[in-house]
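Enquirer: Structure file final17.pdb (PDB, C-alpha atoms) right here:
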ATOM      1  CA  MET A   1     114.722 -84.294  54.217
ATOM      2  CA  THR A   2     111.760 -86.502  53.430
ATOM      3  CA  LEU A   3     110.731 -87.911  50.074
ATOM      4  CA  LEU A   4     107.040 -87.262  49.551
ATOM      5  CA  LYS A   5     104.533 -89.533  47.844
ATOM      6  CA  ILE A   6     103.569 -88.299  44.368
ATOM      7  CA  ALA A   7      99.827 -88.364  43.603
ATOM      8  CA  HIS A   8      98.851 -90.052  40.338
ATOM      9  CA  ILE A   9      96.095 -89.231  37.890
ATOM     10  CA  GLY A  10      92.752 -90.175  39.396
ATOM     11  CA  HIS A  11      93.567 -88.863  42.880
ATOM     12  CA  PRO A  12      91.173 -86.011  43.778
ATOM     13  CA  VAL A  13      93.975 -83.759  45.115
ATOM     14  CA  LEU A  14      95.110 -83.266  41.509
ATOM     15  CA  ARG A  15      91.706 -81.935  40.438
ATOM     16  CA  ASN A  16      91.127 -79.169  42.965
ATOM     17  CA  ARG A  17      92.428 -75.628  42.966
ATOM     18  CA  ALA A  18      95.131 -75.194  45.589
ATOM     19  CA  ARG A  19      94.701 -72.446  48.153
ATOM     20  CA  GLU A  20      96.786 -69.304  48.425
ATOM     21  CA  VAL A  21      99.610 -69.345  50.970
ATOM     22  CA  GLU A  22      99.548 -66.562  53.570
ATOM     23  CA  ARG A  23     102.789 -64.647  54.159
ATOM     24  CA  ASP A  24     102.985 -65.569  57.872
ATOM     25  CA  GLU A  25     102.312 -69.218  57.006
ATOM     26  CA  LEU A  26     105.140 -69.181  54.453
ATOM     27  CA  ALA A  27     107.579 -68.094  57.161
ATOM     28  CA  THR A  28     106.859 -71.124  59.366
ATOM     29  CA  ALA A  29     109.402 -73.901  59.787
ATOM     30  CA  GLU A  30     106.724 -76.362  58.673
ATOM     31  CA  VAL A  31     106.247 -74.732  55.251
ATOM     32  CA  GLN A  32     109.979 -74.134  54.763
ATOM     33  CA  THR A  33     110.675 -77.816  55.516
ATOM     34  CA  PHE A  34     107.891 -78.777  53.114
ATOM     35  CA  ILE A  35     109.565 -76.722  50.355
ATOM     36  CA  ASP A  36     112.866 -78.530  51.002
ATOM     37  CA  ASP A  37     111.042 -81.873  50.814
ATOM     38  CA  LEU A  38     109.267 -80.805  47.609
ATOM     39  CA  VAL A  39     112.629 -80.021  45.988
ATOM     40  CA  GLU A  40     114.171 -83.286  47.216
ATOM     41  CA  THR A  41     111.210 -85.265  45.844
ATOM     42  CA  MET A  42     111.477 -83.475  42.468
ATOM     43  CA  HIS A  43     115.204 -84.289  42.285
ATOM     44  CA  ASP A  44     114.648 -87.928  43.289
ATOM     45  CA  ALA A  45     112.027 -88.369  40.534
ATOM     46  CA  ASN A  46     114.123 -86.535  37.870
ATOM     47  CA  GLY A  47     111.307 -84.033  37.419
ATOM     48  CA  ALA A  48     111.682 -80.637  35.761
ATOM     49  CA  GLY A  49     109.166 -79.278  38.237
ATOM     50  CA  LEU A  50     106.813 -80.328  40.986
ATOM     51  CA  ALA A  51     103.714 -78.635  42.367
ATOM     52  CA  ALA A  52     102.596 -78.976  45.979
ATOM     53  CA  THR A  53      99.321 -80.579  44.877
ATOM     54  CA  GLN A  54     101.306 -83.401  43.276
ATOM     55  CA  VAL A  55     102.504 -84.422  46.742
ATOM     56  CA  HIS A  56      99.054 -84.159  48.358
ATOM     57  CA  VAL A  57      99.478 -80.603  49.712
ATOM     58  CA  PRO A  58      96.817 -78.222  48.339
ATOM     59  CA  LYS A  59      98.920 -75.049  48.578
ATOM     60  CA  ARG A  60     100.021 -72.762  45.741
ATOM     61  CA  ILE A  61     103.733 -73.625  45.723
ATOM     62  CA  VAL A  62     105.838 -74.922  42.824
ATOM     63  CA  ALA A  63     109.454 -75.963  42.515
ATOM     64  CA  ILE A  64     111.181 -75.904  39.122
ATOM     65  CA  GLU A  65     114.703 -76.875  38.170
ATOM     66  CA  VAL A  66     116.297 -78.287  35.055
ATOM     67  CA  LYS A  67     119.944 -79.220  35.227
ATOM     68  CA  ASP A  68     120.909 -81.537  32.385
ATOM     69  CA  ASN A  69     117.755 -83.551  33.103
ATOM     70  CA  PRO A  70     117.948 -87.056  31.569
ATOM     71  CA  ARG A  71     114.163 -87.081  31.012
ATOM     72  CA  TYR A  72     114.353 -83.853  28.998
ATOM     73  CA  PRO A  73     117.829 -83.556  27.419
ATOM     74  CA  TYR A  74     116.626 -80.862  24.992
ATOM     75  CA  LYS A  75     115.314 -78.530  27.746
ATOM     76  CA  PRO A  76     117.390 -75.482  28.660
ATOM     77  CA  ASN A  77     118.672 -75.494  32.217
ATOM     78  CA  ILE A  78     116.598 -73.574  34.766
ATOM     79  CA  PRO A  79     118.125 -72.734  38.146
ATOM     80  CA  LEU A  80     116.230 -73.965  41.180
ATOM     81  CA  THR A  81     113.171 -71.737  41.427
ATOM     82  CA  ILE A  82     110.467 -71.736  44.080
ATOM     83  CA  VAL A  83     107.339 -69.720  43.353
ATOM     84  CA  VAL A  84     104.590 -69.233  45.914
ATOM     85  CA  ASN A  85     101.130 -68.114  44.733
ATOM     86  CA  PRO A  86     102.310 -67.989  41.101
ATOM     87  CA  VAL A  87     100.371 -66.133  38.439
ATOM     88  CA  ILE A  88     100.992 -66.668  34.705
ATOM     89  CA  GLU A  89     100.426 -63.852  32.231
ATOM     90  CA  PRO A  90     100.904 -64.602  28.512
ATOM     91  CA  LEU A  91     103.074 -61.964  26.825
ATOM     92  CA  THR A  92     102.462 -63.117  23.261
ATOM     93  CA  GLU A  93      99.843 -64.910  21.239
ATOM     94  CA  GLU A  94     102.577 -67.159  19.806
ATOM     95  CA  ARG A  95     102.200 -70.759  20.886
ATOM     96  CA  PHE A  96     104.263 -73.885  20.420
ATOM     97  CA  ASP A  97     103.500 -77.590  20.540
ATOM     98  CA  ASN A  98     105.309 -79.356  23.355
ATOM     99  CA  PHE A  99     105.472 -83.107  23.945
ATOM    100  CA  GLU A 100     104.818 -83.144  27.698
ATOM    101  CA  GLY A 101     105.003 -85.773  30.386
ATOM    102  CA  CYS A 102     104.229 -85.602  34.077
ATOM    103  CA  LEU A 103     105.287 -87.333  37.273
ATOM    104  CA  SER A 104     101.587 -87.590  38.191
ATOM    105  CA  VAL A 105     100.744 -89.273  34.875
ATOM    106  CA  PRO A 106     103.384 -92.009  34.773
ATOM    107  CA  ASN A 107     104.662 -93.293  31.448
ATOM    108  CA  LEU A 108     102.496 -91.082  29.240
ATOM    109  CA  ARG A 109     103.342 -88.187  26.948
ATOM    110  CA  GLY A 110     101.277 -86.030  24.646
ATOM    111  CA  VAL A 111     101.379 -82.806  22.642
ATOM    112  CA  VAL A 112     100.181 -79.657  24.434
ATOM    113  CA  SER A 113      99.981 -76.131  23.021
ATOM    114  CA  ARG A 114     101.695 -73.585  25.295
ATOM    115  CA  PHE A 115     102.318 -69.837  25.162
ATOM    116  CA  ALA A 116     105.853 -69.099  23.922
ATOM    117  CA  GLU A 117     106.442 -66.230  26.363
ATOM    118  CA  VAL A 118     104.904 -65.577  29.791
ATOM    119  CA  ARG A 119     105.440 -63.419  32.852
ATOM    120  CA  VAL A 120     105.426 -65.333  36.123
ATOM    121  CA  THR A 121     104.752 -63.377  39.313
ATOM    122  CA  GLY A 122     104.316 -64.385  42.923
ATOM    123  CA  TRP A 123     106.660 -64.708  45.900
ATOM    124  CA  ASP A 124     109.914 -66.538  46.392
ATOM    125  CA  ARG A 125     110.165 -69.002  49.277
ATOM    126  CA  HIS A 126     110.884 -66.157  51.731
ATOM    127  CA  GLY A 127     107.927 -63.999  50.696
ATOM    128  CA  ALA A 128     109.896 -61.526  48.572
ATOM    129  CA  PRO A 129     108.271 -60.468  45.292
ATOM    130  CA  PHE A 130     109.063 -62.817  42.407
ATOM    131  CA  GLU A 131     108.839 -61.844  38.752
ATOM    132  CA  ARG A 132     110.363 -63.567  35.752
ATOM    133  CA  VAL A 133     109.764 -63.537  32.026
ATOM    134  CA  ALA A 134     110.029 -67.095  30.736
ATOM    135  CA  ARG A 135     110.346 -68.026  27.087
ATOM    136  CA  GLY A 136     110.220 -71.208  25.053
ATOM    137  CA  LEU A 137     110.329 -74.546  26.846
ATOM    138  CA  THR A 138     110.954 -72.754  30.136
ATOM    139  CA  ALA A 139     107.648 -70.909  29.672
ATOM    140  CA  GLY A 140     106.001 -74.264  29.030
ATOM    141  CA  THR A 141     107.449 -75.699  32.237
ATOM    142  CA  PHE A 142     106.049 -72.834  34.322
ATOM    143  CA  GLN A 143     102.625 -73.165  32.652
ATOM    144  CA  HIS A 144     102.587 -76.930  33.279
ATOM    145  CA  GLU A 145     103.351 -76.535  36.990
ATOM    146  CA  VAL A 146     100.889 -73.692  37.573
ATOM    147  CA  ASP A 147      98.203 -75.763  35.809
ATOM    148  CA  HIS A 148      98.618 -78.308  38.615
ATOM    149  CA  LEU A 149      97.694 -75.656  41.167
ATOM    150  CA  ASP A 150      94.463 -75.046  39.244
ATOM    151  CA  GLY A 151      93.527 -78.734  39.144
ATOM    152  CA  LYS A 152      94.623 -79.305  35.539
ATOM    153  CA  LEU A 153      96.853 -82.029  34.121
ATOM    154  CA  PHE A 154      98.636 -81.911  30.786
ATOM    155  CA  VAL A 155      96.243 -84.572  29.442
ATOM    156  CA  ASP A 156      93.432 -82.007  29.816
ATOM    157  CA  ARG A 157      95.234 -79.772  27.326
ATOM    158  CA  VAL A 158      96.026 -82.453  24.735
ATOM    159  CA  THR A 159      93.743 -81.609  21.810
ATOM    160  CA  ASP A 160      94.845 -84.478  19.559
ATOM    161  CA  THR A 161      94.681 -87.657  21.612
ATOM    162  CA  SER A 162      96.473 -89.559  18.847
ATOM    163  CA  THR A 163      99.674 -87.872  20.148
ATOM    164  CA  LEU A 164      99.394 -89.725  23.465
ATOM    165  CA  CYS A 165     102.127 -92.327  23.810
ATOM    166  CA  THR A 166     104.237 -94.119  26.376
ATOM    167  CA  TRP A 167     107.775 -92.881  27.053
ATOM    168  CA  ALA A 168     109.224 -95.907  25.227
ATOM    169  CA  GLU A 169     107.112 -95.281  22.128
ATOM    170  CA  PHE A 170     107.913 -91.562  22.260
ATOM    171  CA  ASP A 171     111.622 -92.441  22.239
ATOM    172  CA  ARG A 172     111.118 -94.972  19.457
ATOM    173  CA  PHE A 173     108.771 -93.112  17.101
ATOM    174  CA  HIS A 174     108.449 -89.418  17.998
ATOM    175  CA  LYS A 175     111.522 -88.137  19.835
ATOM    176  CA  GLN A 176     113.763 -87.573  16.817
ATOM    177  CA  ALA A 177     111.177 -85.495  14.935
ATOM    178  CA  PHE A 178     110.270 -83.577  18.092
ATOM    179  CA  VAL A 179     113.905 -82.789  18.914
ATOM    180  CA  GLU A 180     114.571 -81.712  15.298
ATOM    181  CA  ARG A 181     111.634 -79.307  15.587
ATOM    182  CA  ILE A 182     112.164 -78.104  19.155
ATOM    183  CA  VAL A 183     115.942 -77.482  19.123
ATOM    184  CA  PRO A 184     115.682 -74.571  16.632
ATOM    185  CA  PHE A 185     112.770 -73.207  18.702
ATOM    186  CA  VAL A 186     114.888 -73.409  21.878
ATOM    187  CA  LYS A 187     117.749 -71.604  20.115
ATOM    188  CA  ARG A 188     115.381 -68.882  18.909
ATOM    189  CA  MET A 189     113.536 -68.434  22.198
ATOM    190  CA  GLY A 190     116.258 -69.260  24.694
ATOM    191  CA  GLY A 191     115.436 -70.455  28.185
TER     192      GLY A 191
END
Translate the structure described by the file into structure tokens.
Expert:
Amino acid sequence: MTLLKIAHIGHPVLRNRAREVERDELATAEVQTFIDDLVETMHDANGAGLAATQVHVPKRIVAIEVKDNPRYPYKPNIPLTIVVNPVIEPLTEERFDNFEGCLSVPNLRGVVSRFAEVRVTGWDRHGAPFERVARGLTAGTFQHEVDHLDGKLFVDRVTDTSTLCTWAEFDRFHKQAFVERIVPFVKRMGG
């Protein structure tokens, strides 16, 4: 497998809508190898998810996995999930404030409002129909990754820029209060 270069904020690939993947294209060895490389790159960077656009490939593919992630110790585990041509549908008006970070926006976090429950549809990596209802922080993770495919970064959704902080300052000044608030939410909503 190959580790891919992650695009950082300012690179144009992060600001364009990715194109739909055709079913016959998805079946090619090239795209299947790319998906393996996307997953390997996500694991190497300790990411909770990674969108194809983040590695300079403008296709509608995301990889998501949380397994006792050291960057997000309060996030529920999510099994490795590949979604091709994902669509997000909010299932509630309830929202929650999430302190988000991003591999494409190194060393920055900020508060983003996300829907508390969404339906995610699309295809799995083999072109079979994919549908999942995601709740809580897991719903936020899916929304964050699909935003990438639409040319949006979490910083675009931060409404109070005074919440922006480095990872070190988040750990020092904000993490305890955030964890105290988010842990009961995670217990209520589940993964």
Enquirer: Determine the residue membership of the PyMOL selection byres ((chain A and resi 57) around 12) for the file above and supply it as JSON, numbers by chain.
Expert: {"A": [4, 5, 6, 7, 12, 13, 14, 16, 17, 18, 19, 20, 21, 31, 34, 35, 37, 38, 50, 51, 52, 53, 54, 55, 56, 58, 59, 60, 61, 62, 148, 149]}
Enquirer: Restricting it to C-alpha atoms, dump the selection as a JSON list (two decimals), in the frame of the given file.
Expert:
[["chain", "number", "residue", "atom", "x", "y", "z"],
["A", 4, "LEU", "CA", 107.04, -87.26, 49.55],
["A", 5, "LYS", "CA", 104.53, -89.53, 47.84],
["A", 6, "ILE", "CA", 103.57, -88.30, 44.37],
["A", 7, "ALA", "CA", 99.83, -88.36, 43.60],
["A", 12, "PRO", "CA", 91.17, -86.01, 43.78],
["A", 13, "VAL", "CA", 93.98, -83.76, 45.12],
["A", 14, "LEU", "CA", 95.11, -83.27, 41.51],
["A", 16, "ASN", "CA", 91.13, -79.17, 42.96],
["A", 17, "ARG", "CA", 92.43, -75.63, 42.97],
["A", 18, "ALA", "CA", 95.13, -75.19, 45.59],
["A", 19, "ARG", "CA", 94.70, -72.45, 48.15],
["A", 20, "GLU", "CA", 96.79, -69.30, 48.42],
["A", 21, "VAL", "CA", 99.61, -69.34, 50.97],
["A", 31, "VAL", "CA", 106.25, -74.73, 55.25],
["A", 34, "PHE", "CA", 107.89, -78.78, 53.11],
["A", 35, "ILE", "CA", 109.56, -76.72, 50.36],
["A", 37, "ASP", "CA", 111.04, -81.87, 50.81],
["A", 38, "LEU", "CA", 109.27, -80.81, 47.61],
["A", 50, "LEU", "CA", 106.81, -80.33, 40.99],
["A", 51, "ALA", "CA", 103.71, -78.64, 42.37],
["A", 52, "ALA", "CA", 102.60, -78.98, 45.98],
["A", 53, "THR", "CA", 99.32, -80.58, 44.88],
["A", 54, "GLN", "CA", 101.31, -83.40, 43.28],
["A", 55, "VAL", "CA", 102.50, -84.42, 46.74],
["A", 56, "HIS", "CA", 99.05, -84.16, 48.36],
["A", 58, "PRO", "CA", 96.82, -78.22, 48.34],
["A", 59, "LYS", "CA", 98.92, -75.05, 48.58],
["A", 60, "ARG", "CA", 100.02, -72.76, 45.74],
["A", 61, "ILE", "CA", 103.73, -73.62, 45.72],
["A", 62, "VAL", "CA", 105.84, -74.92, 42.82],
["A", 148, "HIS", "CA", 98.62, -78.31, 38.62],
["A", 149, "LEU", "CA", 97.69, -75.66, 41.17]]
Enquirer: If I put a ball of radius 6 Å at (103.3, -66.6, 44.5) in the file's coordinates, which residues poke into it when counting all atoms listed in the file, written as a short mmCIF file (atom, residue, chain, number, x, y, z; two decimals) with C-alpha atoms, in the coordinates of the input?
Expert:
data_model
loop_
_atom_site.label_atom_id
_atom_site.label_comp_id
_atom_site.auth_asym_id
_atom_site.auth_seq_id
_atom_site.Cartn_x
_atom_site.Cartn_y
_atom_site.Cartn_z
CA VAL A 83 107.34 -69.72 43.35
CA VAL A 84 104.59 -69.23 45.91
CA ASN A 85 101.13 -68.11 44.73
CA PRO A 86 102.31 -67.99 41.10
CA GLY A 122 104.32 -64.39 42.92
CA TRP A 123 106.66 -64.71 45.90
#
Enquirer: Given the file shown, enumerate the residues that the PyMOL selection byres ((chain A and resi 131) around 10) captures and present them as a PyMOL selection string.
Expert: chain A and resi 83+86-87+119-124+128-130+132-134
Enquirer: With the PyMOL selection byres ((chain A and resi 65) around 12) as the selection, what would be picked from this file? Answer as an mmCIF file with C-alpha atoms, in the coordinates of the input, please.
Expert:
data_model
loop_
_atom_site.group_PDB
_atom_site.id
_atom_site.type_symbol
_atom_site.label_atom_id
_atom_site.label_comp_id
_atom_site.auth_asym_id
_atom_site.auth_seq_id
_atom_site.Cartn_x
_atom_site.Cartn_y
_atom_site.Cartn_z
ATOM 1 C CA LEU A 38 109.267 -80.805 47.609
ATOM 2 C CA VAL A 39 112.629 -80.021 45.988
ATOM 3 C CA GLU A 40 114.171 -83.286 47.216
ATOM 4 C CA THR A 41 111.210 -85.265 45.844
ATOM 5 C CA MET A 42 111.477 -83.475 42.468
ATOM 6 C CA HIS A 43 115.204 -84.289 42.285
ATOM 7 C CA ASN A 46 114.123 -86.535 37.870
ATOM 8 C CA GLY A 47 111.307 -84.033 37.419
ATOM 9 C CA ALA A 48 111.682 -80.637 35.761
ATOM 10 C CA GLY A 49 109.166 -79.278 38.237
ATOM 11 C CA LEU A 50 106.813 -80.328 40.986
ATOM 12 C CA ALA A 51 103.714 -78.635 42.367
ATOM 13 C CA VAL A 62 105.838 -74.922 42.824
ATOM 14 C CA ALA A 63 109.454 -75.963 42.515
ATOM 15 C CA ILE A 64 111.181 -75.904 39.122
ATOM 16 C CA VAL A 66 116.297 -78.287 35.055
ATOM 17 C CA LYS A 67 119.944 -79.220 35.227
ATOM 18 C CA ASP A 68 120.909 -81.537 32.385
ATOM 19 C CA ASN A 69 117.755 -83.551 33.103
ATOM 20 C CA TYR A 72 114.353 -83.853 28.998
ATOM 21 C CA LYS A 75 115.314 -78.530 27.746
ATOM 22 C CA PRO A 76 117.390 -75.482 28.660
ATOM 23 C CA ASN A 77 118.672 -75.494 32.217
ATOM 24 C CA ILE A 78 116.598 -73.574 34.766
ATOM 25 C CA PRO A 79 118.125 -72.734 38.146
ATOM 26 C CA LEU A 80 116.230 -73.965 41.180
ATOM 27 C CA THR A 81 113.171 -71.737 41.427
ATOM 28 C CA ILE A 82 110.467 -71.736 44.080
ATOM 29 C CA VAL A 83 107.339 -69.720 43.353
ATOM 30 C CA THR A 138 110.954 -72.754 30.136
ATOM 31 C CA THR A 141 107.449 -75.699 32.237
ATOM 32 C CA PHE A 142 106.049 -72.834 34.322
ATOM 33 C CA GLU A 145 103.351 -76.535 36.990
ATOM 34 C CA GLY A 191 115.436 -70.455 28.185
#
Enquirer: Grab the CA of Leu26 in chain A to CA of Glu89 in chain A distance for me, in Å with one decimal place.
Expert: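 It comes out at 23.3 Å.
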Enquirer: What's the separation between CA of Ala27 in chain A and CA of Arg125 in chain A, in Å to one decimal place?
Expert: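 Going from CA of Ala27 in chain A over to CA of Arg125 in chain A covers 8.3 Å.
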Enquirer: Is it possible to get the axis-aligned box enclosing range 33-42 of chain A (all listed atoms, 5 Å extra per side) as AutoDock Vina command-line options, with centre and edge lengths in Å rounded to one decimal?
Expert:
--center_x 111.0 --center_y -81.0 --center_z 49.0 --size_x 16.3 --size_y 18.5 --size_z 23.0
Enquirer: Between CA of Val146 in chain A and CA of Lys187 in chain A, what is the spacing in Å?
Expert: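 Going from CA of Lys187 in chain A over to CA of Val146 in chain A covers 24.4 Å.
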Enquirer: Which one is closest to Glu100 in chain A: A:Gly10, A:Gly140, A:Gly151, A:Gly190? Count only C-alpha atoms.
Expert: A:Gly140
Enquirer: Just the residues within 10 Å of Thr163 in chain A, please, counting all atoms listed in the file, with nothing from its chain fewer than 5 positions along; format it as a ChimeraX atom specification.
Expert: /A:99,109-112,158,170,174
Enquirer: With all atoms listed in the file as the atoms that count, which of A:Thr166, A:Thr161, A:Thr33, A:Gln143 lies nearest to Leu108 in chain A?
Expert: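 For Leu108 in chain A, the nearest of the candidates is A:Thr166.
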Enquirer: Which one of A:Asp156, A:His144, A:Gly127, A:Tyr74 sits closest to Val186 in chain A if you count all atoms listed in the file?
Expert: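 Of A:Asp156, A:His144, A:Gly127, A:Tyr74, the one nearest Val186 in chain A is A:Tyr74, counting all atoms listed in the file.
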Enquirer: For a quick check of understanding, using only C-alpha atoms, which of A:His126, A:Arg181, A:Arg172, A:Lys152 has the smallest distance to Arg23 in chain A?
Expert: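 Of A:His126, A:Arg181, A:Arg172, A:Lys152, the one nearest Arg23 in chain A, counting only C-alpha atoms, is A:His126.
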